[in-house]
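Notes follow once the structure below has been shown.
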Number of protein chains: 2
Amino acid sequence: MKNAFYAQSGGVTAVINASAAGVIETARMHPKRIGKVYAGRNGIIGALTEDIIDTSRESGASIRKLMHTPGGAFGSCRYKLKFIDEDRSQYQRIIEVFAAHNIGYFFYNGGGDSADTCLKISQLSQTLNFPVQAIHIPKTVDNDLPFTDNCPGFGSVAKYIAISTKEASIDVASMAQSSTKVFILEVMGRHAGWIAAAGAMASDEETNIPIIVLFPEIPFDRKKFMREVQRKVEKYGYVSIVVSEGVRGNDGRFLSDHGLVDAFGHAQLGGVAPMIANMVKQDTGYKFHWAVADYMQRSARHIASKTDVEQAYALGKAAVTLALDGNNSVMPILVRTANKPYRWEIDTVELSKVANIEKMMPRNFISPDGFSITAACRDYLAPLIQGEDYPPYRNGLPDYVRLKNIPVKKKLEATQLP
Amino acid sequence: MKNAFYAQSGGVTAVINASAAGVIETARMHPKRIGKVYAGRNGIIGALTEDIIDTSRESGASIRKLMHTPGGAFGSCRYKLKFIDEDRSQYQRIIEVFAAHNIGYFFYNGGGDSADTCLKISQLSQTLNFPVQAIHIPKTVDNDLPFTDNCPGFGSVAKYIAISTKEASIDVASMAQSSTKVFILEVMGRHAGWIAAAGAMASDEETNIPIIVLFPEIPFDRKKFMREVQRKVEKYGYVSIVVSEGVRGNDGRFLSDHGLVDAFGHAQLGGVAPMIANMVKQDTGYKFHWAVADYMQRSARHIASKTDVEQAYALGKAAVTLALDGNNSVMPILVRTANKPYRWEIDTVELSKVANIEKMMPRNFISPDGFSITAACRDYLAPLIQGEDYPPYRNGLPDYVRLKNIPVKKKLEATQLP
């Protein structure tokens, strides 16, 4: 009987641990077919360095608490395996480690880059004659994986950004007559505007909040943008702007790359929100405030989407079922079968079709003027932010679990990270 | 029978509308003693311009929804009355408007500057022989009003910042081995470090999160700070930094004022978080992320402190009771009568003692090294972030009320804002 190896990869989310719970709880239900579930400490680096956590040392109650705990409970990494033709040593090392710990199932929980890593592992059976079933569990707040209806992690960020935009807009509306008229919120999304789009959900027919969204998919046009800012301030008294960190100029360069320097001449790093704020000040004179949500948005488990939590768990569970059914080199995905009410089921896609493809916002999800979302986009996003799955609280703060993360005894000589 | 005039002033909060509900609901319980409750549109500006809202046109259900709605339901303002010796015209105009609408009670809901406005109004009886009872209802996220145990609005910001710091720290901890090691969160507090202090609440004996707080009360010492950053990263693998927007250098100037310019030579406005991030990069080379909470922190009604909501309501209610008891020129305050369990009651202070005094963090609330909080500070803060008072949701978003805000018919000639 083989053991399983589970690891988390790339930027973590509010619900990646719910997928981990899905994997571990489901594997524990099949003690005659799957031995232990090991976890890589810091993703695939844990495999390369034989830094392996024994999840069987955690109680059922602790694993259950992963359902409401953000971040990566076993540590994540930004580390991409080389092509096998370039560097066999990485793969040989992984095989050594997997063989030493009798690992036959590999569950990798990540985004596009991680799907690529998982695909390479899935090919070890063929290329290096080592039998391992590799299943990829989708996760990314960027929502840019193909085939799946959405990506676990995204729904919760979308909910957080929609709520924050709504709340801050109500604040600005109160102040606008004699003070701040423009509020700018910078959100994640280096290439795809899904998270920025969620900001527009703050406004509906009832709230009627003036919002401008700046998408990475639409080249930034300062004059056109300023006309829209002025039009909205004149009509509503204020405006909220949700700007993707990945917004680009007509030259294709990130706006945030356009050469801010500090008093010492050093390059100023990051922050498209303050750049937009400066432009608004220069071109209109309106008083502004700006915020950058950064890690807060993807770790905000305190207001996670219930739909998102459920889907993250279901995909972890499905990965184990797929492995038990003999699959290799696949990824479970979400399929939307109905919109009102929202219904979904799980299907499977070949990993070779997934790796290194980014799903951008379709043009028909962005309004013709490029500053908002369409009804079709609303219909897509609405179910993903449904439901509140509150964590338990202790002393006024969410009671998140910290696992013991007891290491498995090493069996191999230590090596340098290849 | 006299009518009442209620207005909101200065930066709004997640719970200022709960104070409004306390005023309006309590006044409605005394229909034989208080006529209508009018609200100034955009604070005292509404009085000066005779832009008055008739809250009696709102249903009891709508007023109840103010309990869970952030922002200022009637609009707020940044507008300070001049001294009466400098400019009598403002006060004469207010008397005209109050007389025209038979106003005998003035409830002003704001911070230190607003207490000063309220004090001036309270003196109209004497100085201009116009009888009005002026009661100030404390409100400020900065928590810097004297006498009161804490200020409504602060507890909810503190809870939001403590939770966000905890969540983002869990995120960074997951990434630190191969990526981000330093997370920087900029919070409000131009002069007092109360909000920054709340960030340190994210860490306790169980979570043991490495956090450095930069207070406005402690001059920023770059070398000492960098030593602490390195010490924590070496020990824990990562560190979270909570920096007050009001942090200053040894020269007394705001750090954020130290001359950022963009590529066009224009001054870069605001943002101490990116400045600190740049310094960390230059001095240590650690990979970093930074966030700026800005308006999100003070409007985050979705995770308001239950204690804060209850106190905000109780102070609104107390203001009406004080007025009915014949008081003028006072402010109801919170008195802490016990810490474990936390108990509080309401007392009263003369407005003349309150105006223009700022309550800073006492030095014994800040750790000797200047980078964290003491046990005494924890004991003070802990009760203020207790309890979750979730708003109702509709379609995945909080269901905040927007009042009809029907104006009272004007009775006077329009004038320019004095």
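Chains: A, B, ... in order of the structure tokens. Residues: from 1 per chain. Ligands: from 1, in order shown.
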
Could you tell me which residues of chain B sit within 7 Å of chain A when counting only C-alpha atoms, and give me the result as JSON, numbers by chain?
{"B": [12, 42, 70, 71, 72, 75, 76, 77, 78, 163, 164, 167, 168, 170, 171, 174, 175, 177, 178, 179, 259, 260, 261, 262, 263, 268, 269, 278, 290, 291, 292, 293, 294, 295, 296, 299, 300, 385, 386, 387, 395, 396, 397]}

Spatial neighbours of Asp308 in chain A, max dist 7 Å, only C-alpha atoms, sep filter under 2 positions, as a ChimeraX atom specification:
/A:152-153,155-156,305-306,310-312,384

Can those selected residues be exported to a file as a PDB file, in the first residue's frame so that it contains C-alpha atoms?
```pdb
ATOM      1  CA  PRO A 152     -10.718  28.033  -5.416  1.00  0.00           C
ATOM      2  CA  GLY A 153      -9.441  31.116  -3.626  1.00  0.00           C
ATOM      3  CA  GLY A 155     -14.498  33.533  -4.791  1.00  0.00           C
ATOM      4  CA  SER A 156     -13.292  34.626  -1.368  1.00  0.00           C
ATOM      5  CA  SER A 305     -17.262  32.900   0.413  1.00  0.00           C
ATOM      6  CA  LYS A 306     -19.160  29.803   1.524  1.00  0.00           C
ATOM      7  CA  GLU A 310     -17.217  24.181  -0.307  1.00  0.00           C
ATOM      8  CA  GLN A 311     -15.663  23.979  -3.751  1.00  0.00           C
ATOM      9  CA  ALA A 312     -12.105  23.991  -2.394  1.00  0.00           C
ATOM     10  CA  LEU A 384     -19.105  32.747  -6.456  1.00  0.00           C
TER      11      LEU A 384
END
```

Apply DSSP to the structure's backbone, then extract all residues of range 171-222 of chain B labelled alpha helix (DSSP H) and return them as a VMD selection string.
chain B and resid 171 to 175 194 to 199 222
